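Novice: Take this structure, written in structure tokens, and hold onto it; I'll ask about it next.
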Amino acid sequence: MITTLIGLCLLALAFFGTPLFVIFSAIALLAFFAADIHSSAVIVELYRLSSMPILPAIPLFTFAGYLLAESGTPKRLVNLTRAFFGWIPGGLSIVTLLSCAVFTAFTGASGVTIIALGGLLFPVLLSEKYPEKFSLGMLTASGNLGLLFPPSLPIILYGLVSEVSIDQLFLAGILPGMLMIVLMSVYSIFYVRNIHVPTTRFSISNAWQAFKGAIWEVPLPFIILIGIYGGYITVTEAASVTAFYVLIVEVFIYRDIKIKTDLPRVVQDSMVLVGGILVILGAALGMANYMVDAEIPMQILGFMKKFIASKFLFLITLNIFLLIVGCLLDIFSATMVVVPLIIPIAENFGINPVHLGIIFLTNLGIGYSTPPVGMNLFVASFRFNQPIIKLYVAALPFLIVLLISLAIITYVPDLSLLLVNFFSPAG
């Protein structure tokens, strides 16, 4: 009775905005106390977290992402993609989707993409006669497109929690991520086909000027991919190379980031985010540890076996569940809490753990834009100063396209595993 009462109090505190790490920590401590297990079990998880060799990649990639967000990179990225794709009917929509995907891949935060690129692209879309509703929906829904591309921070966190190879997850996300961009691009071109929006004539000189403007940033994805999959560097070393490279480029070459004024602020802001992630991670791992010890995943599996007999039906249930989780929790918290629960259940149904990771991250990314409480909807409402209901309606067509891509990603596992099997057949 007392435990139930405390649980209800914690739930009420969560609704009133109490930080998630406080709720997770309290639940973990309460659960261990009820099971008569010493509370040091939570601290053991924090120690285990600190000893993970991949851990330094989180602050390094986060720092690099913040440097890119605070510099002139968004504008150079838009100029580059526009020079190469602006000639296509509806080309500015493709520019928007590609720019958002690349930017989110490096920042690891879809909300940051909406804030950073939204203010840049929204006025341009309107000035070139793209409908306001269409523009709002596209910018809101495209914030999550880069979550499957390396060096996405959610992929690294998923690998940490699930103990699945991060190198394989990086590979597995490339084709599904491209599928989402292609389907969104096809819909965008189809939508504007009768609106007669202006295009930008392709010019070799313009393309060259745009390429020269971003010449120091273009190699970055290739440095990471070739370095990791060429066997030259590990993921953690790639994070170090990325942070150092971006620091040199943005501070000393482009000089977008001022050493005395901007750099300390960027370091502080990025490390505050990292601190929050690590605290949530430690607290959630403590709670997940109790769930595993209490065999909660096995109990859930036993319950599901009574009602779900096929892999197909399980995947449908999993998608619905994860979309709801994506609405309610940020991707970092959801990864810490949910992944330990679903992995043993998915294994029982014969789902490849790498494929499961891509399904998981795709669902949570789409959940950000899913009404009624998807986080990106509120971020976009604030950024564009629009009523939240208007964002619901604007994002709905793009959400349907994303759900179609989710169905393909879920039920065609070869899409996620093709590159993994090609580069590491033994995996």
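Numbering starts fresh at 1 for the residues of each chain in the structure tokens, the chains themselves are lettered A, B, ... in the order given, and ligands are numbered from 1 as they appear.
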I'd like to know which residues of segment 169-332 of chain A are helix (DSSP H, G or I) (by DSSP, run on the backbone); could you write them as JSON, numbers by chain?

Specialist: {"A": [169, 170, 171, 172, 173, 174, 175, 176, 177, 178, 179, 180, 181, 182, 183, 184, 185, 186, 187, 188, 189, 190, 191, 204, 205, 206, 207, 208, 209, 210, 211, 212, 213, 220, 221, 222, 223, 224, 225, 226, 227, 228, 229, 235, 236, 237, 238, 239, 240, 241, 242, 243, 244, 245, 246, 247, 248, 249, 250, 251, 252, 253, 262, 263, 264, 265, 266, 267, 268, 269, 270, 271, 272, 273, 274, 275, 276, 277, 278, 279, 280, 281, 282, 283, 284, 285, 286, 287, 288, 289, 290, 291, 292, 293, 296, 297, 298, 299, 300, 301, 302, 303, 304, 305, 306, 307, 311, 312, 313, 314, 315, 316, 317, 318, 319, 320, 321, 322, 323, 324, 325, 326, 327, 328, 331, 332]}

Novice: Write out as a VMD selection string each polymer residue whose atoms come within 10 Å of Pro53 of chain A, counting only C-alpha atoms; drop sequence neighbours fewer than 6 positions from it.

Specialist: chain A and resid 160 235 to 236

Novice: Please measure the separation of atom CA of Ile114 of chain A and atom CA of Gly143 of chain A, giving the value in Å to one decimal.

Specialist: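 That distance, rounded to one decimal, is 5.8 Å.
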
Novice: Between A:Leu364, A:Leu183, A:Leu175, A:Cys100, which residue has the minimum interatomic distance to Ser142 of chain A, considering only C-alpha atoms?

Specialist: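 Residue with the minimum atom-to-atom distance to Ser142 of chain A: A:Cys100.
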
Novice: Residues near Leu67 of chain A, anyone? I mean within 10 Å using only C-alpha atoms, not counting same-chain ones fewer than 3 positions away, as a ChimeraX atom specification.

Specialist: /A:61-64,70-73,106-107,243,246-247,249-251,256-257,262-263,266-267,270

Novice: Export, as an mmCIF file, in the first residue's frame, the selected residues with C-alpha atoms.

Specialist:
```
data_model
loop_
_atom_site.group_PDB
_atom_site.id
_atom_site.type_symbol
_atom_site.label_atom_id
_atom_site.label_comp_id
_atom_site.auth_asym_id
_atom_site.auth_seq_id
_atom_site.Cartn_x
_atom_site.Cartn_y
_atom_site.Cartn_z
ATOM 1 C CA PHE A 61 30.239 14.238 -30.722
ATOM 2 C CA THR A 62 27.914 16.530 -28.751
ATOM 3 C CA PHE A 63 30.557 19.268 -28.630
ATOM 4 C CA ALA A 64 31.150 18.946 -32.384
ATOM 5 C CA GLU A 70 26.410 27.783 -33.601
ATOM 6 C CA SER A 71 28.531 28.436 -36.696
ATOM 7 C CA GLY A 72 27.658 29.299 -40.283
ATOM 8 C CA THR A 73 27.399 25.613 -41.184
ATOM 9 C CA PHE A 106 25.744 15.617 -36.325
ATOM 10 C CA THR A 107 23.801 17.401 -33.612
ATOM 11 C CA ALA A 243 35.597 17.271 -32.400
ATOM 12 C CA VAL A 246 35.290 20.845 -36.321
ATOM 13 C CA LEU A 247 37.003 22.989 -33.684
ATOM 14 C CA VAL A 249 37.508 24.508 -39.012
ATOM 15 C CA GLU A 250 34.885 26.620 -37.234
ATOM 16 C CA VAL A 251 37.211 28.560 -34.915
ATOM 17 C CA ASP A 256 32.451 31.684 -37.054
ATOM 18 C CA ILE A 257 33.111 30.844 -33.408
ATOM 19 C CA ASP A 262 31.426 32.050 -28.315
ATOM 20 C CA LEU A 263 33.642 29.055 -27.538
ATOM 21 C CA VAL A 266 29.345 26.463 -26.695
ATOM 22 C CA VAL A 267 31.434 24.294 -24.366
ATOM 23 C CA SER A 270 27.091 21.211 -24.862
#
```

Novice: With a cut-off of 12 Å, could you pull out the residues of segment 139-181 of chain A touching segment 341-349 of chain A and give me the nearest pair of atoms for each, distance in Å to one decimal, using only C-alpha atoms, ordered by chain and ascending number, as JSON lines?

Specialist:
```
{"residue": "A:Tyr158", "atom": "CA", "partner": "A:Ile343", "partner_atom": "CA", "distance": 11.2}
{"residue": "A:Gly159", "atom": "CA", "partner": "A:Ile343", "partner_atom": "CA", "distance": 12.0}
{"residue": "A:Val161", "atom": "CA", "partner": "A:Ile343", "partner_atom": "CA", "distance": 10.3}
{"residue": "A:Ser162", "atom": "CA", "partner": "A:Ile343", "partner_atom": "CA", "distance": 7.5}
{"residue": "A:Glu163", "atom": "CA", "partner": "A:Ile343", "partner_atom": "CA", "distance": 10.4}
{"residue": "A:Val164", "atom": "CA", "partner": "A:Ile343", "partner_atom": "CA", "distance": 10.5}
```

Novice: Compare A:Val401, A:Val379, A:Asp167, A:Tyr368 by their minimum atom-to-atom distance to Gly231 of chain A, counting only C-alpha atoms, and give me the closest one.

Specialist: A:Asp167

Novice: Between A:Val412, A:Ile204, A:Val373, A:Leu278, which is the closest to Phe312 of chain A once you count only C-alpha atoms?

Specialist: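 Among the listed residues, the smallest separation from Phe312 of chain A belongs to A:Val412.
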
Novice: Restricting the calculation to only C-alpha atoms: of A:Phe360, A:Phe211, A:Tyr66, A:Tyr411, which residue gets closest to Thr113 of chain A?

Specialist: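 Looking only at the distances to Thr113 of chain A, the closest residue turns out to be A:Tyr66.
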